[in-house]
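Colleague: Sharing input_7.txt (compact mmCIF, C-alpha atoms and all ligand atoms) below.
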```
# COMPACT_ATOMS: atom_id res chain seq x y z
CA MET E 1 33.35 82.61 84.49
CA LYS E 2 29.78 81.40 85.01
CA LYS E 3 27.32 81.12 82.15
CA LEU E 4 23.54 81.03 82.48
CA ARG E 5 21.10 80.66 79.62
CA ILE E 6 17.73 82.35 79.53
CA ASP E 7 15.51 80.18 77.44
CA LEU E 8 13.00 82.20 75.41
CA ALA E 9 12.83 80.30 72.07
CA ASP E 10 14.37 82.51 69.35
CA ARG E 11 14.93 85.26 71.92
CA SER E 12 17.19 83.12 74.16
CA TYR E 13 20.55 84.46 75.30
CA ASP E 14 23.48 83.91 77.63
CA ILE E 15 24.23 85.74 80.85
CA LEU E 16 27.98 85.71 81.56
CA ILE E 17 29.23 86.46 85.07
CA GLY E 18 32.88 86.83 86.04
CA ARG E 19 35.91 89.02 86.46
CA ASN E 20 37.89 90.60 83.62
CA LEU E 21 35.06 90.03 81.13
CA LEU E 22 35.00 93.43 79.42
CA PRO E 23 38.55 93.18 77.98
CA ARG E 24 37.62 89.77 76.52
CA LEU E 25 34.22 90.82 75.23
CA GLY E 26 35.18 90.07 71.62
CA ASP E 27 35.49 86.34 72.49
CA HIS E 28 31.80 86.20 73.35
CA LEU E 29 30.30 87.92 70.34
CA SER E 30 30.95 85.39 67.60
CA HIS E 31 27.42 83.93 67.73
CA LEU E 32 25.77 87.33 67.34
CA PRO E 33 24.18 88.41 64.05
CA SER E 34 26.39 89.83 61.36
CA ALA E 35 26.79 93.29 62.82
CA ARG E 36 29.52 95.41 61.26
CA ARG E 37 29.16 98.51 63.39
CA ALA E 38 28.62 98.93 67.11
CA LEU E 39 27.42 101.99 68.96
CA ILE E 40 28.17 102.08 72.68
CA VAL E 41 25.57 104.04 74.62
CA THR E 42 26.85 105.22 78.00
CA ASN E 43 27.23 108.27 80.24
CA PRO E 44 30.38 110.39 80.68
CA ALA E 45 31.35 108.91 84.09
CA VAL E 46 31.05 105.29 82.96
CA LYS E 47 32.68 106.07 79.61
CA LYS E 48 35.72 107.43 81.42
CA LEU E 49 35.98 104.24 83.49
CA TYR E 50 35.18 101.52 80.96
CA GLY E 51 34.61 103.11 77.52
CA GLU E 52 38.04 102.30 76.16
CA VAL E 53 38.23 98.70 77.32
CA VAL E 54 34.77 97.97 75.88
CA SER E 55 35.60 99.71 72.62
CA GLU E 56 38.78 97.61 72.27
CA GLY E 57 36.87 94.43 73.15
CA LEU E 58 34.34 95.14 70.41
CA GLN E 59 37.03 96.00 67.87
CA THR E 60 38.70 92.62 68.40
CA ALA E 61 35.43 91.11 67.18
CA GLY E 62 35.86 93.09 63.94
CA LEU E 63 33.31 95.80 64.69
CA ALA E 64 33.70 99.48 63.85
CA VAL E 65 32.94 101.20 67.14
CA LYS E 66 31.60 104.63 68.09
CA CYS E 67 30.21 105.94 71.34
CA ALA E 68 27.11 108.03 72.14
CA GLU E 69 26.97 109.80 75.49
CA ILE E 70 23.83 110.51 77.46
CA PRO E 71 24.17 112.85 80.42
CA GLU E 72 24.15 111.27 83.84
CA GLY E 73 21.01 110.36 85.80
CA GLU E 74 17.40 109.21 85.80
CA LYS E 75 16.23 112.56 84.39
CA HIS E 76 17.98 111.58 81.17
CA LYS E 77 15.95 108.42 80.58
CA THR E 78 13.60 110.27 78.23
CA LEU E 79 12.38 110.31 74.64
CA GLN E 80 14.45 113.48 74.08
CA ASP E 81 17.60 111.61 75.11
CA ALA E 82 16.64 108.68 72.88
CA GLN E 83 16.18 111.22 70.08
CA THR E 84 19.82 112.35 70.34
CA VAL E 85 20.89 108.75 69.76
CA TYR E 86 18.40 108.26 66.88
CA ASP E 87 19.83 111.47 65.33
CA HIS E 88 23.37 110.11 65.57
CA LEU E 89 22.32 106.74 64.11
CA ILE E 90 20.40 108.29 61.22
CA GLU E 91 22.93 111.03 60.40
CA ASN E 92 25.68 108.41 60.29
CA GLN E 93 23.62 105.97 58.21
CA TYR E 94 23.60 103.07 60.60
CA ASP E 95 21.59 100.18 59.18
CA ARG E 96 20.08 97.02 60.64
CA ASN E 97 23.55 95.44 60.87
CA THR E 98 24.20 97.58 63.91
CA LEU E 99 24.84 96.35 67.42
CA LEU E 100 23.86 98.68 70.25
CA VAL E 101 25.87 98.24 73.43
CA ALA E 102 24.41 99.41 76.75
CA LEU E 103 27.33 100.25 79.05
CA GLY E 104 26.21 101.49 82.47
CA GLY E 105 23.52 101.09 85.11
CA GLY E 106 19.79 100.60 84.74
CA VAL E 107 19.18 104.06 83.28
CA ILE E 108 21.51 103.43 80.34
CA GLY E 109 20.33 99.81 80.01
CA ASP E 110 16.62 100.69 79.85
CA LEU E 111 17.20 103.60 77.46
CA THR E 112 19.51 101.67 75.11
CA GLY E 113 17.13 98.72 75.07
CA PHE E 114 14.30 101.07 74.14
CA ILE E 115 16.34 102.61 71.31
CA ALA E 116 17.29 99.12 70.08
CA ALA E 117 13.62 98.05 70.12
CA THR E 118 12.53 101.04 68.04
CA PHE E 119 15.37 102.06 65.69
CA LEU E 120 14.59 100.62 62.23
CA ARG E 121 11.90 98.51 63.98
CA GLY E 122 14.53 96.73 66.01
CA VAL E 123 18.28 96.17 66.01
CA PRO E 124 20.25 93.79 68.27
CA TYR E 125 21.72 95.03 71.53
CA ILE E 126 23.79 93.68 74.39
CA GLN E 127 23.81 94.66 78.06
CA LEU E 128 27.06 95.43 79.90
CA PRO E 129 25.64 96.34 83.32
CA THR E 130 27.98 98.18 85.67
CA THR E 131 25.86 98.69 88.82
CA LEU E 132 24.88 95.87 91.15
CA LEU E 133 21.21 96.67 90.58
CA SER E 134 21.54 96.46 86.81
CA GLN E 135 23.59 93.25 87.07
CA VAL E 136 20.95 91.38 89.05
CA ASP E 137 17.81 92.98 87.71
CA SER E 138 17.44 95.51 84.92
CA SER E 139 19.87 94.00 82.38
CA VAL E 140 18.03 90.66 82.40
CA GLY E 141 14.50 90.10 81.13
CA GLY E 142 14.04 92.62 78.33
CA LYS E 143 12.02 95.35 80.01
CA THR E 144 13.07 98.54 78.21
CA ALA E 145 11.63 102.00 78.77
CA VAL E 146 11.89 105.74 78.93
CA ASN E 147 10.13 107.97 81.45
CA HIS E 148 7.29 110.40 80.75
CA PRO E 149 6.83 113.62 82.75
CA ARG E 150 3.72 111.97 84.29
CA GLY E 151 5.53 108.85 85.47
CA LYS E 152 8.45 106.46 85.25
CA ASN E 153 8.80 103.80 82.55
CA LEU E 154 5.48 104.68 80.92
CA ILE E 155 6.82 104.30 77.37
CA GLY E 156 8.64 101.10 76.53
CA ALA E 157 8.75 97.64 75.06
CA PHE E 158 9.62 94.08 75.99
CA TYR E 159 12.74 93.54 73.89
CA GLN E 160 15.39 91.02 74.87
CA PRO E 161 19.14 91.65 74.57
CA ARG E 162 21.38 89.18 72.69
CA LEU E 163 23.85 88.86 75.55
CA VAL E 164 24.33 90.09 79.11
CA ALA E 165 27.97 90.25 80.23
CA ILE E 166 28.39 91.02 83.94
CA ASP E 167 31.96 91.99 84.78
CA LEU E 168 32.30 91.96 88.57
CA ASP E 169 35.38 94.19 88.30
CA THR E 170 33.12 97.14 87.46
CA LEU E 171 31.70 97.02 90.98
CA SER E 172 35.02 98.14 92.45
CA SER E 173 34.39 101.71 91.25
CA LEU E 174 30.74 101.77 92.29
CA PRO E 175 29.91 104.11 95.20
CA ALA E 176 28.98 102.20 98.39
CA ASP E 177 25.41 103.55 98.46
CA GLU E 178 24.81 102.30 94.90
CA PHE E 179 26.15 98.87 95.91
CA ARG E 180 23.77 98.75 98.89
CA ALA E 181 20.84 99.77 96.69
CA GLY E 182 21.56 96.75 94.49
CA MET E 183 21.54 94.52 97.58
CA ALA E 184 17.83 95.36 98.06
CA GLU E 185 16.98 93.52 94.83
CA ILE E 186 19.08 90.53 95.91
CA ILE E 187 17.25 90.40 99.24
CA LYS E 188 14.03 90.52 97.18
CA TYR E 189 15.03 87.34 95.29
CA GLY E 190 15.64 85.59 98.61
CA VAL E 191 12.19 86.53 99.86
CA ILE E 192 10.27 85.63 96.70
CA GLU E 193 12.04 82.39 95.74
CA ASP E 194 15.01 81.24 97.71
CA PRO E 195 15.29 80.73 101.50
CA LYS E 196 18.89 79.47 101.04
CA LEU E 197 19.91 82.71 99.34
CA PHE E 198 18.22 84.66 102.14
CA ALA E 199 20.10 82.68 104.82
CA PHE E 200 23.35 83.14 102.88
CA LEU E 201 22.79 86.92 102.89
CA GLU E 202 22.12 86.79 106.62
CA LYS E 203 25.34 84.88 107.35
CA ASN E 204 27.75 86.60 104.98
CA SER E 205 26.95 90.31 105.12
CA GLU E 206 30.49 91.38 106.02
CA LYS E 207 32.10 89.44 103.19
CA ILE E 208 29.46 90.57 100.72
CA LEU E 209 29.81 94.24 101.67
CA ALA E 210 33.59 93.82 101.27
CA GLN E 211 32.88 92.46 97.74
CA ASP E 212 34.42 89.03 98.29
CA THR E 213 34.61 87.50 94.80
CA GLN E 214 33.12 84.11 95.62
CA CYS E 215 30.23 85.61 97.55
CA LEU E 216 29.52 88.13 94.80
CA GLU E 217 29.59 85.48 92.10
CA ARG E 218 27.23 83.31 94.09
CA ILE E 219 24.62 85.96 94.90
CA ILE E 220 24.67 87.53 91.43
CA GLU E 221 24.45 84.16 89.70
CA THR E 222 21.61 83.01 91.98
CA SER E 223 19.73 86.28 91.45
CA CYS E 224 20.09 86.14 87.66
CA ALA E 225 19.03 82.47 87.67
CA ILE E 226 15.88 83.33 89.64
CA LYS E 227 15.08 86.25 87.36
CA ALA E 228 15.69 84.10 84.27
CA LYS E 229 13.34 81.41 85.58
CA VAL E 230 10.59 83.94 86.28
CA VAL E 231 10.98 85.61 82.87
CA GLU E 232 11.03 82.25 81.07
CA ARG E 233 7.67 81.44 82.67
CA ASP E 234 6.03 84.82 82.01
CA GLU E 235 8.09 87.02 79.69
CA ARG E 236 5.48 89.77 79.26
CA GLU E 237 4.23 89.97 82.84
CA SER E 238 0.78 88.59 82.27
CA ASN E 239 0.80 87.35 85.84
CA TYR E 240 3.66 85.39 87.47
CA ARG E 241 6.42 87.92 86.63
CA MET E 242 4.67 90.28 89.03
CA VAL E 243 6.37 88.44 91.91
CA LEU E 244 9.44 90.48 90.92
CA ASN E 245 7.51 93.51 92.11
CA PHE E 246 7.68 92.46 95.76
CA GLY E 247 8.27 95.69 97.70
CA HIS E 248 7.43 97.83 94.68
CA THR E 249 3.83 98.86 95.54
CA ILE E 250 4.93 100.96 98.50
CA GLY E 251 8.46 101.45 97.12
CA HIS E 252 7.16 103.22 94.00
CA ALA E 253 4.95 105.44 96.18
CA VAL E 254 7.98 106.35 98.33
CA GLU E 255 9.94 107.29 95.18
CA ALA E 256 7.09 109.34 93.72
CA LEU E 257 6.24 111.19 96.96
CA THR E 258 9.89 112.15 97.44
CA ALA E 259 10.14 113.32 93.80
CA TYR E 260 12.67 110.61 92.90
CA SER E 261 15.34 112.59 94.69
CA GLN E 262 15.59 111.36 98.29
CA PHE E 263 15.93 107.61 97.77
CA LYS E 264 17.65 105.42 95.23
CA HIS E 265 15.32 102.88 93.60
CA GLY E 266 16.78 100.02 95.67
CA GLU E 267 16.44 102.01 98.90
CA ALA E 268 12.76 102.70 98.22
CA ILE E 269 12.24 99.01 97.45
CA ALA E 270 13.90 98.09 100.75
CA ILE E 271 11.34 100.21 102.64
CA GLY E 272 8.58 98.76 100.46
CA MET E 273 9.65 95.18 101.25
CA VAL E 274 9.57 95.81 105.00
CA TYR E 275 6.06 97.29 104.82
CA ALA E 276 4.79 94.60 102.43
CA ALA E 277 6.00 92.06 105.02
CA LYS E 278 4.26 93.96 107.84
CA LEU E 279 1.06 94.01 105.79
CA SER E 280 1.40 90.28 105.08
CA CYS E 281 1.71 89.60 108.80
CA GLN E 282 -1.24 91.86 109.63
CA LEU E 283 -3.34 89.88 107.11
CA GLY E 284 -2.27 86.61 108.71
CA LYS E 285 -0.15 85.48 105.74
CA CYS E 286 3.22 85.27 107.53
CA SER E 287 4.68 85.18 111.01
CA LYS E 288 6.16 88.09 112.97
CA GLU E 289 9.49 86.29 112.78
CA THR E 290 9.43 86.55 108.98
CA VAL E 291 8.89 90.31 109.22
CA THR E 292 11.70 90.65 111.75
CA ARG E 293 14.12 88.70 109.53
CA ILE E 294 13.33 90.84 106.48
CA GLU E 295 13.63 94.09 108.43
CA ALA E 296 16.89 92.99 110.08
CA LEU E 297 18.43 91.95 106.76
CA VAL E 298 17.49 95.22 105.09
CA GLU E 299 19.11 97.12 107.96
CA ARG E 300 22.19 94.87 107.99
CA TYR E 301 22.92 96.02 104.43
CA GLY E 302 22.61 99.67 105.47
CA LEU E 303 19.28 100.13 103.72
CA PRO E 304 16.42 102.27 105.04
CA SER E 305 13.48 100.45 106.63
CA ARG E 306 11.22 103.32 107.76
CA LEU E 307 8.63 105.14 105.67
CA PRO E 308 9.25 108.83 105.09
CA ASP E 309 6.67 110.90 106.87
CA PHE E 310 3.67 111.54 104.61
CA PRO E 311 0.00 111.11 105.54
CA SER E 312 -1.21 107.59 104.75
CA GLY E 313 -3.86 109.07 102.41
CA LYS E 314 -1.06 110.47 100.24
CA TYR E 315 0.55 107.04 99.98
CA ILE E 316 -2.74 105.43 99.01
CA GLU E 317 -3.54 108.10 96.41
CA THR E 318 -0.07 107.62 94.89
CA MET E 319 -0.46 103.81 94.83
CA TYR E 320 -3.72 104.16 92.88
CA ARG E 321 -1.89 106.25 90.28
CA ASP E 322 0.91 103.69 89.78
CA LYS E 323 0.87 101.96 86.39
CA LYS E 324 0.91 98.65 88.23
CA ALA E 325 -2.38 99.39 90.03
CA HIS E 326 -4.90 96.97 88.64
CA ASP E 327 -8.46 97.94 87.59
CA LYS E 328 -8.42 100.64 90.27
CA ASN E 329 -7.28 98.12 92.86
CA ILE E 330 -3.99 98.19 94.70
CA ARG E 331 -2.06 95.02 94.06
CA PHE E 332 0.49 93.67 96.54
CA ILE E 333 2.94 90.83 96.48
CA LEU E 334 2.54 89.38 99.97
CA VAL E 335 4.96 87.08 101.71
CA LYS E 336 3.87 83.78 103.23
CA ASP E 337 7.29 82.59 104.29
CA ILE E 338 10.86 83.38 103.26
CA GLY E 339 10.94 82.00 99.70
CA THR E 340 7.18 81.99 99.10
CA VAL E 341 5.01 84.91 98.01
CA GLU E 342 1.49 85.40 96.75
CA ILE E 343 0.12 87.91 94.24
CA VAL E 344 -2.95 89.59 95.75
CA ASP E 345 -4.83 91.71 93.23
CA ARG E 346 -6.91 93.61 95.72
CA VAL E 347 -5.91 94.62 99.20
CA ALA E 348 -8.46 96.66 101.17
CA GLU E 349 -7.56 100.31 101.64
CA SER E 350 -8.33 100.04 105.36
CA ASP E 351 -5.70 97.28 105.74
CA ILE E 352 -3.09 99.30 103.87
CA GLN E 353 -3.97 102.36 105.94
CA LYS E 354 -3.38 100.41 109.16
CA VAL E 355 0.12 99.30 108.17
CA LEU E 356 1.10 102.79 107.02
CA THR E 357 0.01 104.41 110.25
CA PRO E 358 2.70 104.34 112.96
P1 LIG R 1 21.85 104.29 87.40
O1 LIG R 1 21.83 103.69 86.08
O2 LIG R 1 21.35 105.70 87.53
O3 LIG R 1 23.34 104.22 87.99
C1 LIG R 1 23.61 104.74 89.26
C2 LIG R 1 24.83 105.64 89.26
O4 LIG R 1 26.00 104.84 89.21
C3 LIG R 1 24.92 106.58 88.07
O5 LIG R 1 25.36 107.81 88.57
C4 LIG R 1 25.99 105.94 87.18
O6 LIG R 1 26.69 106.89 86.41
C5 LIG R 1 26.91 105.33 88.21
N1 LIG R 1 27.67 104.17 87.78
C6 LIG R 1 27.24 103.13 87.03
N2 LIG R 1 28.15 102.17 87.00
C7 LIG R 1 29.21 102.60 87.71
C8 LIG R 1 30.45 102.05 88.06
N3 LIG R 1 30.77 100.80 87.72
N4 LIG R 1 31.31 102.79 88.81
C9 LIG R 1 30.97 104.02 89.23
N5 LIG R 1 29.78 104.60 88.96
C10 LIG R 1 28.92 103.90 88.21
O7 LIG R 1 21.02 103.44 88.48
P2 LIG R 1 20.68 101.88 88.60
O8 LIG R 1 20.32 101.70 90.01
O9 LIG R 1 21.71 101.03 87.97
O10 LIG R 1 19.37 101.73 87.69
C11 LIG R 1 18.18 102.40 88.03
C12 LIG R 1 17.29 102.34 86.79
O11 LIG R 1 17.00 100.98 86.49
C13 LIG R 1 15.94 103.03 86.97
O12 LIG R 1 15.70 103.81 85.84
C14 LIG R 1 14.95 101.88 87.04
O13 LIG R 1 13.68 102.24 86.53
C15 LIG R 1 15.63 100.86 86.17
N6 LIG R 1 15.23 99.47 86.43
C16 LIG R 1 14.85 98.72 85.38
C17 LIG R 1 14.51 97.39 85.55
C18 LIG R 1 14.15 96.54 84.36
O14 LIG R 1 13.72 95.41 84.55
N7 LIG R 1 14.36 97.02 83.15
C19 LIG R 1 14.58 96.82 86.82
C20 LIG R 1 14.97 97.61 87.90
C21 LIG R 1 15.32 98.94 87.69
N1 LIG R 2 12.23 94.43 87.59
C1 LIG R 2 10.98 93.75 87.42
C2 LIG R 2 10.90 92.97 86.17
O1 LIG R 2 11.84 92.87 85.43
O2 LIG R 2 9.86 92.43 85.89
```
Please rewrite the model in this file as C-alpha cells.

Modeller:
Amino acid sequence: MKKLRIDLADRSYDILIGRNLLPRLGDHLSHLPSARRALIVTNPAVKKLYGEVVSEGLQTAGLAVKCAEIPEGEKHKTLQDAQTVYDHLIENQYDRNTLLVALGGGVIGDLTGFIAATFLRGVPYIQLPTTLLSQVDSSVGGKTAVNHPRGKNLIGAFYQPRLVAIDLDTLSSLPADEFRAGMAEIIKYGVIEDPKLFAFLEKNSEKILAQDTQCLERIIETSCAIKAKVVERDERESNYRMVLNFGHTIGHAVEALTAYSQFKHGEAIAIGMVYAAKLSCQLGKCSKETVTRIEALVERYGLPSRLPDFPSGKYIETMYRDKKAHDKNIRFILVKDIGTVEIVDRVAESDIQKVLTP
C-alpha cells in the first residue's frame, strides 16, 4: 500500500492507494474523530458490489453502520437527493459524532461531501472512490457540490475529507468506457505537470488498459500527488488550482451542448484538451508536435478527440455561460510544452472561433 499526505494544516489527510483496502478499512480509521455511527452513502449498483465489505470494515472499527442509497447517475447529484439523506440523518437522530462515508464515483463523492459540509454545520467524511476518475480527481481536494437545473456544481463548498482510501480492486468491476474516461484526467496531469508521467502513458498503454497492478499504482499515485501539490498551494482556487481545469473550457461546453448525455465527463475533457492544445499552438505557445502527442495519446486510450458538430457561435455562447468564465472573459489553460501550462484569463473570441472551425 502507498500512502500520500495532503498537507492543509488542520485539514490535512492521508490518501491510501492499494489492493484489498476496503476489507481492512477499520485499520485506517483509528486517528479519526470519535465517531460512533457511520452512514455509508452510495448507489444501488455500488452497494451491491462493495456495500457489505465496507460495512464490515467500518464495524471492525467499532462503528454502528447504516447505508443510504441515492439512485444512479449525474441527475441524482441534486439538493433533493441531499434532502433524502438529511431526512434520514435527522429522523434517526444522528449527531456530530457521525462519520459519512462516500462509496462510489464522483457523483456520490461530490454529493456526500456536500452533505457532510452542511449537516449540523459540518461532520467528518471519508472518500472511498470506486471509479478511476474519482480515484485520481474528485475524491481528492475537497470540492463538493450538487447541481442546479441551470448548471452543474453551482451549489457547493470546499470541504476536505478526513481520509481517501483508493482500493484498486474496485476497478475490476468498472465498465471499460468508465475506465477510459478516468484516463483523460491522468493524461491531463501529464500535460499540466509531469512530462515523465506523459511519456509513461505513451509507452505503457497496453499494460495500463489491461489494469496491470504496478502501472495502475504508479499512475494513480502520481496523479494524486500532483493534485495534492496543486491543492496544497491553492486550496480554494484563487488562481493556481485552475491549472486542473486544462481541457475544461471546451470540455464543459461539449457536455452542456450535448445535454450531459452523449459524453462522459472524462470524454468531454479529452476533446477539450485536444482543442486547448490546438489553440495553444495557433497562439504560438506550443509546437505542432506537442499537439500531435496529446491528440495521439487521447486516441490511444480510446477517447474521443473530435468536437461534436455545433456552430462555433454556440460553443462560444456556452463558454461565456460557464461558471468558470471570468468577468465575461473566456479563460483557457494553454499548454507551452508537455508538463508546462499557463493560465490565460482572456482569449480573443476570434482566436477561439478559428480553432473551433474545421
Ligand atoms: P459516476 O460517479 O457517475 O460513476 C460512473 C458510473 O460507474 C456510475 O454508473 C456508477 O454507478 C458506476 N460505478 C462506480 N464505481 C463502480 C465500480 N467500481 N464498478 C462498477 N460500476 C461502478 O461518474 P464519475 O466519472 O466517477 O464522476 C463524475 C462526477 O464527478 C461528476 O459529477 C463531476 O462533476 C464530478 N467531478 C468532481 C470533481 C471534484 O473535484 N470534486 C472532479 C472531477 C469530476
Ligand atoms: N477537478 C478540478 C479541481 O479539483 O480543482

Colleague: What does the distance between atom N7 of ligand LIG 1 (chain R) and atom CA of E:Ile269 come to in Å, to one decimal place?

Modeller: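 The value is 14.6 Å.
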
Colleague: Could you please determine the separation between atom CA of E:Ile316 and atom C14 of ligand LIG 1 (chain R) in Å, to one decimal place?

Modeller: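 Going from atom CA of E:Ile316 over to atom C14 of ligand LIG 1 (chain R), I get 21.7 Å.
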
Colleague: With ligand LIG 2 (chain R) as the partner and 7 Å as the cut-off, tabulate the residues of chain E that qualify, each row holding the nearest pair of atoms and their distance in Å to one decimal, using all atoms listed in the file, sorted by chain and rising number, as CSV.

Modeller:
```
residue,atom,partner,partner_atom,distance
E:Asp137,CA,R:LIG2,N1,5.8
E:Ser138,CA,R:LIG2,N1,6.0
E:Gly141,CA,R:LIG2,O1,5.8
E:Lys143,CA,R:LIG2,O1,6.0
E:Glu237,CA,R:LIG2,O2,6.9
E:Arg241,CA,R:LIG2,O2,5.7
E:Met242,CA,R:LIG2,O2,6.4
E:Leu244,CA,R:LIG2,C1,5.0
E:Asn245,CA,R:LIG2,C1,5.8
```

Colleague: Write out as a PDB file with C-alpha atoms, in the frame of the given file each polymer residue whose atoms come within 8 Å of E:Gln59, counting only C-alpha atoms; drop sequence neighbours fewer than 5 positions from it.

Modeller:
```pdb
ATOM      1  CA  GLY E  26      35.180  90.070  71.620  1.00  0.00           C
ATOM      2  CA  ALA E  64      33.700  99.480  63.850  1.00  0.00           C
ATOM      3  CA  VAL E  65      32.940 101.200  67.140  1.00  0.00           C
TER       4      VAL E  65
END
```

Colleague: Please identify all protein, DNA and RNA residues within 6 Å of ligand LIG 1 (chain R), counting only C-alpha atoms and all ligand atoms, and report them as a ChimeraX atom specification.

Modeller: /E:45-46,72-74,104-108,110,130-131,133-134,137-138,143-144,170-171,173-174

Colleague: Convert the current residue selection to file output with C-alpha atoms, as a short mmCIF file (atom, residue, chain, number, x, y, z; two decimals), keeping the file's coordinate frame.

Modeller:
```
data_model
loop_
_atom_site.label_atom_id
_atom_site.label_comp_id
_atom_site.auth_asym_id
_atom_site.auth_seq_id
_atom_site.Cartn_x
_atom_site.Cartn_y
_atom_site.Cartn_z
CA ALA E 45 31.35 108.91 84.09
CA VAL E 46 31.05 105.29 82.96
CA GLU E 72 24.15 111.27 83.84
CA GLY E 73 21.01 110.36 85.80
CA GLU E 74 17.40 109.21 85.80
CA GLY E 104 26.21 101.49 82.47
CA GLY E 105 23.52 101.09 85.11
CA GLY E 106 19.79 100.60 84.74
CA VAL E 107 19.18 104.06 83.28
CA ILE E 108 21.51 103.43 80.34
CA ASP E 110 16.62 100.69 79.85
CA THR E 130 27.98 98.18 85.67
CA THR E 131 25.86 98.69 88.82
CA LEU E 133 21.21 96.67 90.58
CA SER E 134 21.54 96.46 86.81
CA ASP E 137 17.81 92.98 87.71
CA SER E 138 17.44 95.51 84.92
CA LYS E 143 12.02 95.35 80.01
CA THR E 144 13.07 98.54 78.21
CA THR E 170 33.12 97.14 87.46
CA LEU E 171 31.70 97.02 90.98
CA SER E 173 34.39 101.71 91.25
CA LEU E 174 30.74 101.77 92.29
#
```

Colleague: Using only C-alpha atoms for the distances, tell me which of E:Thr258, E:Ser350, E:Ser223, E:Thr249 is nearest to E:Leu283.

Modeller: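 Result for the nearest residue to E:Leu283: E:Ser350.
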
Colleague: I'd like to know which of E:Leu89, E:Val243, E:Ile250, E:Ala256 is closest to E:Lys152, using all atoms listed in the file.

Modeller: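 Once distances to E:Lys152 are computed over all atoms listed in the file, the minimum belongs to E:Ala256.
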
Colleague: Got a sec to check which residues sit within 10 Å of (25.9, 94.7, 108.2), counting all atoms listed in the file, and write them as a count of residues only?

Modeller: 17

Colleague: Neighbouring residues of E:Thr222 were defined as those with any atom within 10 Å, considering only C-alpha atoms; residues of the same chain fewer than 3 positions away were excluded. Please report them as a list in words.

Modeller: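 The filter keeps Leu4, Val136, Ile186, Tyr189, Gly190, Asp194, Leu197, Leu216, Glu217, Arg218, Ile219, Ala225, Ile226, Lys227 and Ala228 of chain E.
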
Colleague: With only C-alpha atoms as the counted atoms, please give the residues lying no more than 10 Å from E:Ile155, apart from itself and same-chain residues fewer than 3 positions off, as a CSV table (one decimal) with C-alpha atoms, keeping the file's coordinate frame.

Modeller:
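Below is the file that was written, result-v9.csv:
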```csv
chain,number,residue,atom,x,y,z
E,78,THR,CA,13.6,110.3,78.2
E,79,LEU,CA,12.4,110.3,74.6
E,114,PHE,CA,14.3,101.1,74.1
E,144,THR,CA,13.1,98.5,78.2
E,145,ALA,CA,11.6,102.0,78.8
E,146,VAL,CA,11.9,105.7,78.9
E,147,ASN,CA,10.1,108.0,81.4
E,148,HIS,CA,7.3,110.4,80.8
E,151,GLY,CA,5.5,108.8,85.5
E,152,LYS,CA,8.4,106.5,85.2
```

Colleague: For atom CA of E:Leu163 and atom CA of E:Ala270, quote the distance in Å rounded to one decimal.

Modeller: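 The value is 28.6 Å.
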
Colleague: List every protein, DNA or RNA residue that has at least one atom no more than 9 Å from (30.2, 104.6, 70.8) in the file's coordinates, counting all atoms listed in the file, and write the result as a list in words.

Modeller: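 Counting all atoms listed in the file, I find these residues within 9 Å of (30.2, 104.6, 70.8): Ala38, Leu39, Ile40, Val41, Thr42, Gly51, Ser55, Val65, Lys66, Cys67, Ala68, Glu69, Leu100 and Val101 of chain E.
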
Colleague: Between E:Glu193, E:Glu255, E:Asp14, E:Asp212, which is the closest to E:Val230 once you count all atoms listed in the file?

Modeller: E:Glu193

Colleague: What's the 8 Å shell around E:Lys2, counting all atoms listed in the file, without same-chain residues fewer than 4 positions away, as a VMD selection string?

Modeller: chain E and resid 16 to 18 221

Colleague: Under the rule that only C-alpha atoms are counted, which of E:Gln127, E:Gln262, E:Ser12, E:Thr84 is the nearest residue to E:Leu307?

Modeller: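 Of all the options, E:Gln262 lies closest to E:Leu307.
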
Colleague: Rank E:Thr112, E:Asn20, E:Asn97, E:Asn329 by their smallest atom-to-atom distance to E:Val347, using all atoms listed in the file, and report the top residue only.

Modeller: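 Of all the options, E:Asn329 lies closest to E:Val347.
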
Colleague: Can you work out which one of E:Ser261, E:Gly247, E:Lys336, E:Arg331 has the shortest atom-to-atom distance to E:Glu289, counting all atoms listed in the file?

Modeller: E:Lys336
